[in-house]
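Undergrad: Have a peek at input17.cif (mmCIF, C-alpha atoms and all ligand atoms).
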```
data_work
#
loop_
_atom_site.label_atom_id
_atom_site.label_comp_id
_atom_site.auth_asym_id
_atom_site.auth_seq_id
_atom_site.Cartn_x
_atom_site.Cartn_y
_atom_site.Cartn_z
CA THR Q 232 110.32 84.68 39.74
CA ASP Q 233 108.51 81.41 39.51
CA LEU Q 234 104.91 80.76 40.61
CA GLN Q 235 105.07 77.01 40.28
CA THR Q 236 103.80 74.88 43.14
CA SER Q 237 102.72 71.34 43.96
CA ILE Q 238 100.24 69.29 45.97
CA GLY Q 239 101.82 65.92 46.67
CA ASP Q 240 103.15 64.63 43.34
CA PHE Q 241 100.96 67.05 41.35
CA GLN Q 242 102.93 69.92 39.85
CA PHE Q 243 101.30 73.18 38.75
CA ASP Q 244 103.07 75.94 36.79
CA ASN Q 245 101.03 78.66 38.53
CA VAL Q 246 99.76 78.96 42.10
CA PHE Q 247 96.36 80.43 41.18
CA MET Q 248 93.08 78.68 40.39
CA ASN Q 249 89.34 79.39 40.63
CA ALA Q 250 87.26 78.70 43.71
CA SER Q 251 84.62 76.06 43.02
CA GLY Q 252 81.32 77.63 42.04
CA VAL Q 253 82.85 80.60 40.23
CA ARG Q 254 82.89 80.54 36.40
CA CYS Q 255 83.09 76.74 36.36
CA TYR Q 256 79.52 75.57 35.64
CA THR Q 257 79.68 74.81 31.90
CA GLU Q 258 82.23 73.41 29.47
CA GLU Q 259 82.66 76.93 28.08
CA ASP Q 260 83.41 78.24 31.59
CA LEU Q 261 85.93 75.47 32.20
CA ASP Q 262 87.61 75.94 28.79
CA ALA Q 263 88.05 79.65 29.59
CA LEU Q 264 89.76 78.75 32.88
CA ALA Q 265 91.97 76.22 31.08
CA GLN Q 266 93.04 78.90 28.60
CA SER Q 267 93.79 81.46 31.34
CA ASP Q 268 97.05 81.90 33.25
CA ALA Q 269 95.62 79.89 36.18
CA GLY Q 270 97.72 76.84 37.03
CA THR Q 271 94.66 74.60 37.29
CA PHE Q 272 90.92 74.78 37.94
CA VAL Q 273 88.09 73.08 39.85
CA THR Q 274 84.60 72.24 38.60
CA LYS Q 275 81.40 73.45 40.24
CA SER Q 276 80.55 71.18 43.19
CA ALA Q 277 78.50 68.37 41.73
CA THR Q 278 75.54 66.37 42.94
CA GLN Q 279 74.60 63.12 41.23
CA ALA Q 280 71.70 64.67 39.33
CA LYS Q 281 71.60 68.09 37.66
CA ARG Q 282 70.23 70.83 39.94
CA LEU Q 283 68.69 74.19 39.07
CA GLY Q 284 69.50 75.65 42.48
CA ASN Q 285 67.80 78.49 44.32
CA PRO Q 286 65.55 81.21 42.78
CA SER Q 287 67.19 84.45 41.63
CA PRO Q 288 68.36 86.99 42.63
CA ARG Q 289 70.80 84.62 44.34
CA TYR Q 290 74.10 86.51 43.88
CA ALA Q 291 74.93 90.12 44.60
CA ARG Q 292 78.14 92.14 44.43
CA LEU Q 293 78.83 94.08 47.63
CA GLU Q 294 81.07 97.06 48.36
CA LEU Q 295 83.80 94.73 49.69
CA GLY Q 296 82.84 91.37 48.21
CA SER Q 297 79.77 89.30 47.43
CA ILE Q 298 76.83 87.42 48.85
CA ASN Q 299 75.49 84.22 47.26
CA SER Q 300 72.86 81.63 47.89
CA MET Q 301 73.12 79.74 44.59
CA GLY Q 302 71.74 76.54 46.10
CA LEU Q 303 74.19 74.17 44.46
CA PRO Q 304 73.05 74.50 40.83
CA ASN Q 305 75.16 72.16 38.70
CA GLU Q 306 75.04 69.93 35.62
CA GLY Q 307 75.43 66.70 37.60
CA LEU Q 308 78.55 64.64 38.30
CA ASP Q 309 78.65 62.82 34.95
CA TYR Q 310 78.86 66.13 33.06
CA TYR Q 311 81.95 67.23 35.00
CA LEU Q 312 83.53 63.78 35.08
CA ASN Q 313 83.14 63.47 31.29
CA TYR Q 314 84.66 66.94 30.86
CA ALA Q 315 87.59 65.96 33.09
CA LEU Q 316 88.19 62.70 31.19
CA LYS Q 317 88.19 64.54 27.83
CA PHE Q 318 90.43 67.27 29.28
CA GLN Q 319 93.08 64.91 30.65
CA GLU Q 320 93.27 63.13 27.27
CA LYS Q 321 93.92 66.43 25.51
CA HIS Q 322 96.23 67.87 28.18
CA PRO Q 323 98.44 65.10 29.58
CA GLY Q 324 100.44 66.31 32.58
CA GLN Q 325 97.88 68.98 33.52
CA TRP Q 326 96.03 68.10 36.73
CA ILE Q 327 92.58 69.42 37.54
CA PHE Q 328 90.15 69.20 40.45
CA LEU Q 329 86.65 67.73 40.56
CA SER Q 330 84.44 69.11 43.32
CA VAL Q 331 81.73 66.96 44.89
CA ALA Q 332 78.96 68.08 47.28
CA GLY Q 333 76.48 65.31 47.97
CA LEU Q 334 73.42 66.33 50.00
CA THR Q 335 73.53 63.09 51.93
CA MET Q 336 76.27 60.71 53.02
CA GLU Q 337 74.93 58.11 50.59
CA GLU Q 338 75.10 60.55 47.69
CA ASN Q 339 78.67 61.54 48.56
CA LEU Q 340 79.74 57.89 48.74
CA ALA Q 341 77.93 57.00 45.51
CA MET Q 342 79.67 59.85 43.67
CA ALA Q 343 83.00 58.84 45.21
CA HIS Q 344 82.51 55.29 43.91
CA THR Q 345 81.75 56.64 40.43
CA ILE Q 346 84.95 58.69 40.45
CA GLU Q 347 87.02 55.90 42.00
CA ASP Q 348 85.89 53.52 39.25
CA SER Q 349 86.72 56.06 36.52
CA ASP Q 350 90.02 56.91 34.82
CA PHE Q 351 90.03 60.40 36.33
CA ASN Q 352 93.69 61.19 37.18
CA GLY Q 353 93.33 64.55 38.96
CA LEU Q 354 92.32 65.47 42.51
CA VAL Q 355 88.89 65.38 44.18
CA GLU Q 356 87.65 68.14 46.49
CA PHE Q 357 84.89 66.92 48.83
CA ASN Q 358 82.91 70.01 49.71
CA LEU Q 359 81.83 69.77 53.34
CA SER Q 360 80.75 73.39 53.52
CA CYS Q 361 77.89 74.33 51.22
CA PRO Q 362 75.92 76.87 53.30
CA ASN Q 363 73.05 77.45 50.90
CA VAL Q 364 70.92 74.33 50.57
CA PRO Q 365 67.78 75.10 52.59
CA GLY Q 366 67.40 72.66 55.46
CA LYS Q 367 70.87 71.14 55.09
CA PRO Q 368 73.41 72.06 57.81
CA GLN Q 369 77.04 72.31 56.72
CA THR Q 370 78.74 68.96 57.30
CA GLY Q 371 81.93 70.79 58.23
CA TYR Q 372 80.26 72.18 61.36
CA ASP Q 373 79.27 68.70 62.55
CA PHE Q 374 82.49 67.02 63.68
CA ASP Q 375 80.93 63.58 64.18
CA ARG Q 376 79.34 63.63 60.74
CA THR Q 377 82.62 64.80 59.18
CA LYS Q 378 84.47 61.90 60.81
CA GLU Q 379 81.77 59.47 59.67
CA VAL Q 380 81.84 60.68 56.04
CA LEU Q 381 85.64 60.51 55.87
CA THR Q 382 85.77 57.11 57.57
CA ASN Q 383 83.28 55.66 55.06
CA LEU Q 384 84.98 57.40 52.13
CA PHE Q 385 88.46 56.14 52.82
CA THR Q 386 87.37 52.53 53.22
CA PHE Q 387 87.42 52.43 49.39
CA PHE Q 388 88.58 55.75 47.90
CA THR Q 389 92.21 55.70 46.75
CA LYS Q 390 92.43 58.67 44.38
CA PRO Q 391 94.03 61.94 45.64
CA ALA Q 392 91.44 63.81 47.69
CA GLY Q 393 90.91 66.78 49.96
CA VAL Q 394 88.12 68.62 51.73
CA LYS Q 395 86.69 72.15 51.34
CA LEU Q 396 85.98 73.49 54.82
CA PRO Q 397 83.79 76.27 56.17
CA PRO Q 398 85.46 78.97 58.27
CA TYR Q 399 85.98 78.20 61.97
CA PHE Q 400 86.15 80.93 64.58
CA ASP Q 401 87.41 79.21 67.71
CA LEU Q 402 90.83 77.69 68.46
CA ALA Q 403 89.22 74.65 70.10
CA GLN Q 404 87.40 74.02 66.79
CA PHE Q 405 90.71 74.17 64.89
CA ASP Q 406 92.11 71.63 67.37
CA GLN Q 407 89.08 69.33 67.07
CA MET Q 408 88.86 69.50 63.28
CA ALA Q 409 92.60 69.03 62.75
CA ALA Q 410 92.56 66.00 65.07
CA ILE Q 411 89.87 64.46 62.85
CA LEU Q 412 91.50 65.35 59.53
CA ASN Q 413 94.89 64.00 60.64
CA GLN Q 414 93.36 60.53 60.84
CA PHE Q 415 92.77 60.36 57.06
CA PRO Q 416 94.99 60.10 53.96
CA LEU Q 417 94.07 63.57 52.66
CA GLN Q 418 96.24 65.32 50.07
CA PHE Q 419 94.88 68.75 50.96
CA VAL Q 420 92.55 70.85 53.02
CA ASN Q 421 90.97 73.88 51.34
CA SER Q 422 90.12 76.76 53.67
CA ILE Q 423 87.78 78.62 53.49
CA ASN Q 424 84.41 78.44 51.86
CA SER Q 425 82.22 81.56 52.02
CA LEU Q 426 81.30 82.98 55.41
CA GLY Q 427 77.97 81.19 55.76
CA ASN Q 428 74.60 82.89 56.13
CA GLY Q 429 75.42 86.55 55.98
CA LEU Q 430 72.76 89.17 55.15
CA MET Q 431 72.91 92.43 53.20
CA ILE Q 432 70.22 95.02 52.50
CA ASP Q 433 69.21 97.14 49.50
CA PRO Q 434 69.20 100.72 50.85
CA GLU Q 435 66.57 101.87 48.32
CA THR Q 436 63.96 99.30 49.23
CA ASP Q 437 64.96 98.12 52.72
CA THR Q 438 64.84 94.64 51.19
CA ALA Q 439 67.30 91.76 51.56
CA LEU Q 440 69.58 91.82 48.49
CA ILE Q 441 69.08 88.16 47.52
CA LYS Q 442 65.89 86.12 47.41
CA PRO Q 443 66.68 82.64 48.85
CA LYS Q 444 66.46 81.91 52.57
CA GLY Q 445 65.09 85.37 53.40
CA GLY Q 446 68.30 86.92 52.10
CA PHE Q 447 70.81 84.75 53.94
CA GLY Q 448 73.87 83.77 51.87
CA GLY Q 449 77.59 83.06 51.89
CA ILE Q 450 79.87 86.10 52.07
CA GLY Q 451 83.01 86.29 49.94
CA GLY Q 452 85.58 88.85 48.94
CA ALA Q 453 87.63 91.25 51.08
CA TYR Q 454 85.32 90.65 54.07
CA ALA Q 455 86.68 87.08 54.17
CA LYS Q 456 90.43 87.80 54.12
CA PRO Q 457 91.21 87.88 57.88
CA ILE Q 458 89.14 84.74 58.45
CA ALA Q 459 90.75 82.92 55.52
CA LEU Q 460 94.25 83.84 56.72
CA ALA Q 461 93.50 82.60 60.23
CA ASN Q 462 92.00 79.31 59.03
CA VAL Q 463 94.88 78.55 56.65
CA ARG Q 464 97.40 79.44 59.36
CA ALA Q 465 95.64 77.46 62.09
CA PHE Q 466 95.39 74.30 60.00
CA SER Q 467 98.93 74.75 58.70
CA GLN Q 468 100.07 74.73 62.35
CA ARG Q 469 97.96 71.68 63.27
CA LEU Q 470 97.79 69.32 60.29
CA ASP Q 471 100.24 66.55 59.43
CA PRO Q 472 102.71 68.13 56.97
CA LYS Q 473 101.58 65.54 54.38
CA ILE Q 474 98.24 67.38 54.25
CA GLN Q 475 98.83 70.56 52.27
CA LEU Q 476 96.71 73.73 52.39
CA ILE Q 477 94.77 75.42 49.64
CA GLY Q 478 94.02 79.03 50.59
CA THR Q 479 90.70 80.57 49.53
CA GLY Q 480 89.08 83.82 50.55
CA GLY Q 481 89.63 87.52 50.17
CA VAL Q 482 92.11 87.56 47.27
CA THR Q 483 91.82 90.95 45.53
CA ASN Q 484 95.49 91.44 44.55
CA GLY Q 485 98.94 89.83 44.56
CA ARG Q 486 99.60 90.84 48.18
CA ASP Q 487 96.46 88.98 49.37
CA ALA Q 488 97.72 85.84 47.60
CA TYR Q 489 101.20 86.38 49.07
CA ASP Q 490 99.65 86.53 52.56
CA LEU Q 491 97.76 83.23 52.09
CA ILE Q 492 101.02 81.60 50.97
CA LEU Q 493 102.82 83.08 54.02
CA ALA Q 494 100.05 81.50 56.12
CA GLY Q 495 100.83 78.12 54.51
CA ALA Q 496 98.87 77.83 51.26
CA SER Q 497 100.32 75.75 48.40
CA LEU Q 498 97.57 76.82 45.97
CA VAL Q 499 95.46 80.00 46.06
CA GLN Q 500 91.83 79.97 44.92
CA VAL Q 501 90.03 83.07 43.71
CA GLY Q 502 86.23 83.44 43.96
CA THR Q 503 84.50 86.83 44.10
CA LEU Q 504 87.31 88.62 42.24
CA LEU Q 505 87.13 86.08 39.41
CA GLN Q 506 83.36 86.46 39.29
CA GLU Q 507 83.79 90.20 38.82
CA GLU Q 508 86.92 90.31 36.61
CA ARG Q 509 86.80 87.10 34.47
CA PRO Q 510 89.75 84.68 33.96
CA ALA Q 511 92.09 87.43 32.74
CA VAL Q 512 92.36 88.28 36.46
CA PHE Q 513 94.87 85.43 36.84
CA THR Q 514 97.33 87.32 34.61
CA ARG Q 515 97.06 90.42 36.81
CA LEU Q 516 97.31 88.46 40.06
CA SER Q 517 100.38 86.55 38.81
CA ARG Q 518 102.13 89.77 37.86
CA GLU Q 519 101.29 91.39 41.19
CA LEU Q 520 102.43 88.39 43.21
CA GLN Q 521 105.71 88.26 41.29
CA ALA Q 522 106.21 91.96 42.05
CA VAL Q 523 105.76 91.38 45.80
CA MET Q 524 108.19 88.46 45.66
CA GLN Q 525 110.75 90.56 43.81
CA THR Q 526 110.65 93.31 46.43
CA LYS Q 527 111.35 90.62 49.05
CA GLY Q 528 114.12 89.01 47.01
CA TYR Q 529 112.24 85.72 46.65
CA THR Q 530 112.39 83.68 43.43
CA ASN Q 531 109.91 80.93 44.22
CA LEU Q 532 107.07 80.11 46.60
CA SER Q 533 109.14 77.81 48.83
CA ASP Q 534 111.24 80.85 49.78
CA PHE Q 535 108.34 82.15 51.90
CA LYS Q 536 105.50 79.57 52.04
CA GLY Q 537 104.37 79.15 55.64
CA GLN Q 538 107.01 81.64 56.86
CA LEU Q 539 104.60 83.98 58.64
CA LYS Q 540 106.43 85.62 61.51
CA THR Q 541 104.83 86.37 64.87
CA GLN Q 542 105.82 89.03 67.35
C1 LIG F 601 78.34 74.01 46.85
C2 LIG F 601 77.55 74.99 47.24
C3 LIG F 601 78.05 76.31 47.59
C4 LIG F 601 77.37 77.45 47.19
C5 LIG F 601 76.08 77.40 46.46
O1 LIG F 601 75.97 76.68 45.43
O2 LIG F 601 75.13 78.08 46.95
N1 LIG F 601 77.80 78.70 47.55
C6 LIG F 601 78.95 78.86 48.29
O3 LIG F 601 79.34 80.00 48.61
N2 LIG F 601 79.64 77.77 48.68
C7 LIG F 601 79.26 76.49 48.37
O4 LIG F 601 79.95 75.53 48.77
#
```
Please rewrite the model in this file as structure tokens.
TA:
Amino acid sequence: TDLQTSIGDFQFDNVFMNASGVRCYTEEDLDALAQSDAGTFVTKSATQAKRLGNPSPRYARLELGSINSMGLPNEGLDYYLNYALKFQEKHPGQWIFLSVAGLTMEENLAMAHTIEDSDFNGLVEFNLSCPNVPGKPQTGYDFDRTKEVLTNLFTFFTKPAGVKLPPYFDLAQFDQMAAILNQFPLQFVNSINSLGNGLMIDPETDTALIKPKGGFGGIGGAYAKPIALANVRAFSQRLDPKIQLIGTGGVTNGRDAYDLILAGASLVQVGTLLQEERPAVFTRLSRELQAVMQTKGYTNLSDFKGQLKTQ
């Protein structure tokens, strides 16, 4: 069975990749992803300047996932762009993703210009859903702002691009967001980012588990699976077929990945599980997904992608 997939003209020999923000901060992190069985990888969402992020403890493992309020720590766009340019020289034909998360419209557009003017030949993920920068609402929950950012972006940006969205919980929101996204030449939509502003408590001390924002942080892992499936499915049903889906959220085994693909995902990103199991997890997930496919008699992803049945 074959796990190869594609986004537009970009071919990948494996459907799995990391979720931005997980084991993708440094060159060593990124090299480890490149050497794993993942089909590609994405860099930590970048701002123009390096950021230290929020005070620790800012990540905690939970019984069924994780909570994080990292606060967008990253080495700055130039660090990741330089890594990408070196990588594509050494690995022609392998396509990677740069993630960008400007704190203002101007910063997003400035970073987009930098990338547009570069020789980067991969795909760009504009993160509209960082839930952990104190005082900054998630762009993805402001439909007018989303439309404004994308309108300004696509007046000049010609490289392959997509957006990372927060989870939505209302069918009218899926309708509204899809109607906006369908107006732009997007290669992909990545659903979902962490479930924003959750809270978990240390039973010993009755204290919030993480320090930033009084303990509020994005929730990932198994908690996120039903929301991720619904968001991928809803956008798959509403978006122009030219806009492909990347499915993120709740992948703990091959069956979870299979379900995201059934819902319409062309690539599957792994966050919390990768944080806890390291890049070798992609070998296990690939094997497990192939086993599920074999039991169904499928030999490649197109045999079942988007084929979710309803009653
Ligand atoms: C880019 C910031 C993000 C962060 C973060 O750096 O706090 N955490 C997430 O779960 N999702 C994000 O998009």
Undergrad: Edge lengths and centre in Å to one decimal, as AutoDock Vina command-line options, is what I'm after for the box along x, y and z that holds all listed atoms of ligand LIG 601 (chain F) once 6 Å is added on each side.
TA:
```
--center_x 77.5 --center_y 77.0 --center_z 47.1 --size_x 16.8 --size_y 18.0 --size_z 15.3
```
Undergrad: Residues of chain Q within 8 Å of ligand LIG 601 (chain F): nearest atom pair and distance (Å, one decimal) for each, counting only C-alpha atoms and all ligand atoms, sorted by chain and number, as a tab-separated table?
TA:
```
residue	atom	partner	partner_atom	distance
Q:Ser251	CA	F:LIG601	O4	7.4
Q:Gly252	CA	F:LIG601	O1	6.4
Q:Lys275	CA	F:LIG601	C1	7.3
Q:Ser276	CA	F:LIG601	C1	5.1
Q:Ala277	CA	F:LIG601	C1	7.6
Q:Gly284	CA	F:LIG601	O1	7.2
Q:Asn285	CA	F:LIG601	O2	7.8
Q:Ile298	CA	F:LIG601	O3	7.8
Q:Asn299	CA	F:LIG601	O3	5.9
Q:Ser300	CA	F:LIG601	O2	4.3
Q:Met301	CA	F:LIG601	O2	3.5
Q:Gly302	CA	F:LIG601	O2	3.8
Q:Leu303	CA	F:LIG601	O1	3.2
Q:Pro304	CA	F:LIG601	O1	5.9
Q:Ala332	CA	F:LIG601	C1	6.0
Q:Asn358	CA	F:LIG601	O4	6.3
Q:Leu359	CA	F:LIG601	O4	7.6
Q:Ser360	CA	F:LIG601	O4	5.3
Q:Cys361	CA	F:LIG601	O4	3.4
Q:Pro362	CA	F:LIG601	C7	6.0
Q:Asn363	CA	F:LIG601	O2	4.5
Q:Val364	CA	F:LIG601	O2	6.7
Q:Lys395	CA	F:LIG601	O4	8.0
Q:Asn424	CA	F:LIG601	N2	5.8
Q:Ser425	CA	F:LIG601	O3	4.7
Q:Leu426	CA	F:LIG601	O3	7.7
Q:Gly427	CA	F:LIG601	O3	7.4
Q:Gly448	CA	F:LIG601	O3	7.4
Q:Gly449	CA	F:LIG601	O3	4.8
Q:Ile450	CA	F:LIG601	O3	7.0
Q:Gly451	CA	F:LIG601	O3	7.4
```
Undergrad: Please identify all polymer residues within 10 Å of range 452-467 of chain Q, counting all atoms listed in the file, omitting same-chain residues fewer than 3 positions from it, and present them as an MDAnalysis selection string.
TA: chainID Q and resid 292:298 396:402 405:406 408:409 412 420:426 470:472 474:483 487:488 490:496 501:504 537 539
Undergrad: Let's have the selection written as a PDB file, keeping the file's coordinate frame, with C-alpha atoms.
TA:
```
ATOM      1  CA  ARG Q 292      78.140  92.140  44.430  1.00  0.00           C
ATOM      2  CA  LEU Q 293      78.830  94.080  47.630  1.00  0.00           C
ATOM      3  CA  GLU Q 294      81.070  97.060  48.360  1.00  0.00           C
ATOM      4  CA  LEU Q 295      83.800  94.730  49.690  1.00  0.00           C
ATOM      5  CA  GLY Q 296      82.840  91.370  48.210  1.00  0.00           C
ATOM      6  CA  SER Q 297      79.770  89.300  47.430  1.00  0.00           C
ATOM      7  CA  ILE Q 298      76.830  87.420  48.850  1.00  0.00           C
ATOM      8  CA  LEU Q 396      85.980  73.490  54.820  1.00  0.00           C
ATOM      9  CA  PRO Q 397      83.790  76.270  56.170  1.00  0.00           C
ATOM     10  CA  PRO Q 398      85.460  78.970  58.270  1.00  0.00           C
ATOM     11  CA  TYR Q 399      85.980  78.200  61.970  1.00  0.00           C
ATOM     12  CA  PHE Q 400      86.150  80.930  64.580  1.00  0.00           C
ATOM     13  CA  ASP Q 401      87.410  79.210  67.710  1.00  0.00           C
ATOM     14  CA  LEU Q 402      90.830  77.690  68.460  1.00  0.00           C
ATOM     15  CA  PHE Q 405      90.710  74.170  64.890  1.00  0.00           C
ATOM     16  CA  ASP Q 406      92.110  71.630  67.370  1.00  0.00           C
ATOM     17  CA  MET Q 408      88.860  69.500  63.280  1.00  0.00           C
ATOM     18  CA  ALA Q 409      92.600  69.030  62.750  1.00  0.00           C
ATOM     19  CA  LEU Q 412      91.500  65.350  59.530  1.00  0.00           C
ATOM     20  CA  VAL Q 420      92.550  70.850  53.020  1.00  0.00           C
ATOM     21  CA  ASN Q 421      90.970  73.880  51.340  1.00  0.00           C
ATOM     22  CA  SER Q 422      90.120  76.760  53.670  1.00  0.00           C
ATOM     23  CA  ILE Q 423      87.780  78.620  53.490  1.00  0.00           C
ATOM     24  CA  ASN Q 424      84.410  78.440  51.860  1.00  0.00           C
ATOM     25  CA  SER Q 425      82.220  81.560  52.020  1.00  0.00           C
ATOM     26  CA  LEU Q 426      81.300  82.980  55.410  1.00  0.00           C
ATOM     27  CA  LEU Q 470      97.790  69.320  60.290  1.00  0.00           C
ATOM     28  CA  ASP Q 471     100.240  66.550  59.430  1.00  0.00           C
ATOM     29  CA  PRO Q 472     102.710  68.130  56.970  1.00  0.00           C
ATOM     30  CA  ILE Q 474      98.240  67.380  54.250  1.00  0.00           C
ATOM     31  CA  GLN Q 475      98.830  70.560  52.270  1.00  0.00           C
ATOM     32  CA  LEU Q 476      96.710  73.730  52.390  1.00  0.00           C
ATOM     33  CA  ILE Q 477      94.770  75.420  49.640  1.00  0.00           C
ATOM     34  CA  GLY Q 478      94.020  79.030  50.590  1.00  0.00           C
ATOM     35  CA  THR Q 479      90.700  80.570  49.530  1.00  0.00           C
ATOM     36  CA  GLY Q 480      89.080  83.820  50.550  1.00  0.00           C
ATOM     37  CA  GLY Q 481      89.630  87.520  50.170  1.00  0.00           C
ATOM     38  CA  VAL Q 482      92.110  87.560  47.270  1.00  0.00           C
ATOM     39  CA  THR Q 483      91.820  90.950  45.530  1.00  0.00           C
ATOM     40  CA  ASP Q 487      96.460  88.980  49.370  1.00  0.00           C
ATOM     41  CA  ALA Q 488      97.720  85.840  47.600  1.00  0.00           C
ATOM     42  CA  ASP Q 490      99.650  86.530  52.560  1.00  0.00           C
ATOM     43  CA  LEU Q 491      97.760  83.230  52.090  1.00  0.00           C
ATOM     44  CA  ILE Q 492     101.020  81.600  50.970  1.00  0.00           C
ATOM     45  CA  LEU Q 493     102.820  83.080  54.020  1.00  0.00           C
ATOM     46  CA  ALA Q 494     100.050  81.500  56.120  1.00  0.00           C
ATOM     47  CA  GLY Q 495     100.830  78.120  54.510  1.00  0.00           C
ATOM     48  CA  ALA Q 496      98.870  77.830  51.260  1.00  0.00           C
ATOM     49  CA  VAL Q 501      90.030  83.070  43.710  1.00  0.00           C
ATOM     50  CA  GLY Q 502      86.230  83.440  43.960  1.00  0.00           C
ATOM     51  CA  THR Q 503      84.500  86.830  44.100  1.00  0.00           C
ATOM     52  CA  LEU Q 504      87.310  88.620  42.240  1.00  0.00           C
ATOM     53  CA  GLY Q 537     104.370  79.150  55.640  1.00  0.00           C
ATOM     54  CA  LEU Q 539     104.600  83.980  58.640  1.00  0.00           C
TER      55      LEU Q 539
END
```
Undergrad: Need to verify the contact set: range 521-524 of chain Q, 8 Å, all atoms listed in the file, exclusion of same-chain residues closer than 2 positions in sequence. Can you return it as a PyMOL selection string?
TA: chain Q and resi 232-234+485-486+489+517-519+526-531
Undergrad: Quick one: residues within 8 Å of Leu505 in chain Q, only C-alpha atoms, excluding same-chain residues fewer than 5 positions away - as a ChimeraX atom specification?
TA: /Q:249,253-254,510,512
Undergrad: Could you work out how far CA of Glu259 in chain Q lies from CA of Ala291 in chain Q, giving the answer in Å with one decimal?
TA: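 Calculated distance between CA of Ala291 in chain Q and CA of Glu259 in chain Q is 22.5 Å.
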Undergrad: Write out as a JSON list (two decimals) with C-alpha atoms, in the frame of the given file which residues come within 8 Å of Leu329 in chain Q when counting only C-alpha atoms, dropping same-chain ones fewer than 2 positions away.
TA:
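See out_4.json below for the written result:
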```json
[["chain", "number", "residue", "atom", "x", "y", "z"],
["Q", 273, "VAL", "CA", 88.09, 73.08, 39.85],
["Q", 274, "THR", "CA", 84.60, 72.24, 38.60],
["Q", 275, "LYS", "CA", 81.40, 73.45, 40.24],
["Q", 276, "SER", "CA", 80.55, 71.18, 43.19],
["Q", 311, "TYR", "CA", 81.95, 67.23, 35.00],
["Q", 312, "LEU", "CA", 83.53, 63.78, 35.08],
["Q", 315, "ALA", "CA", 87.59, 65.96, 33.09],
["Q", 327, "ILE", "CA", 92.58, 69.42, 37.54],
["Q", 331, "VAL", "CA", 81.73, 66.96, 44.89],
["Q", 353, "GLY", "CA", 93.33, 64.55, 38.96],
["Q", 354, "LEU", "CA", 92.32, 65.47, 42.51],
["Q", 355, "VAL", "CA", 88.89, 65.38, 44.18],
["Q", 356, "GLU", "CA", 87.65, 68.14, 46.49]]
```
Undergrad: Pull the neighbourhood of (91.0, 69.0, 29.2) for me: all residues within 9 Å in file coordinates, counting all atoms listed in the file, as a list in words.
TA: Leu261, Asp262, Ala265, Tyr314, Ala315, Leu316, Lys317, Phe318, Gln319, Glu320, Lys321, His322, Pro323, Gln325 and Ile327 of chain Q
Undergrad: Using all atoms listed in the file, pick whichever of Q:Ser267, Q:Thr382, Q:Gln542, Q:Ser533 has the shortest atom-to-atom distance to Asn413 in chain Q.
TA: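 Closest residue, counting all atoms listed in the file: Q:Thr382.
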Undergrad: For each of Q:Leu532, Q:Leu308, Q:Ile346, Q:Val380, take the minimum atom-to-atom distance to Ser497 in chain Q, counting only C-alpha atoms, then give the residue where this is smallest.
TA: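 For Ser497 in chain Q, the nearest of the candidates is Q:Leu532.
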Undergrad: Please determine the residues with any atom at most 8 Å from (66.2, 81.7, 46.7) (coordinates as given in the file, with only C-alpha atoms counting) and report them as a list in words.
TA: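 The residues near that point, listed by chain and number, are Asn285, Pro286, Ser287, Pro288, Arg289, Ser300, Met301, Gly302, Ile441, Lys442, Pro443, Lys444, Gly445 and Gly446 of chain Q.
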Undergrad: Can you pull out every residue within 12 Å of Phe388 in chain Q, counting all atoms listed in the file, but drop anything in the same chain fewer than 6 positions away, and send it as a PyMOL selection string?
TA: chain Q and resi 339-349+354-355+357+380-382+415-417
Undergrad: Rank Q:Thr271, Q:Gln468, Q:Asn305, Q:Thr257 by their smallest atom-to-atom distance to Gln242 in chain Q, using only C-alpha atoms, and report the top residue only.
TA: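 The closest residue to Gln242 in chain Q is Q:Thr271.
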Undergrad: So which one's closest to Ile238 in chain Q, Q:Thr386, Q:Asn484, Q:Gln418, Q:Ser330? Using only C-alpha atoms, please.
TA: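 For Ile238 in chain Q, the nearest of the candidates is Q:Gln418.
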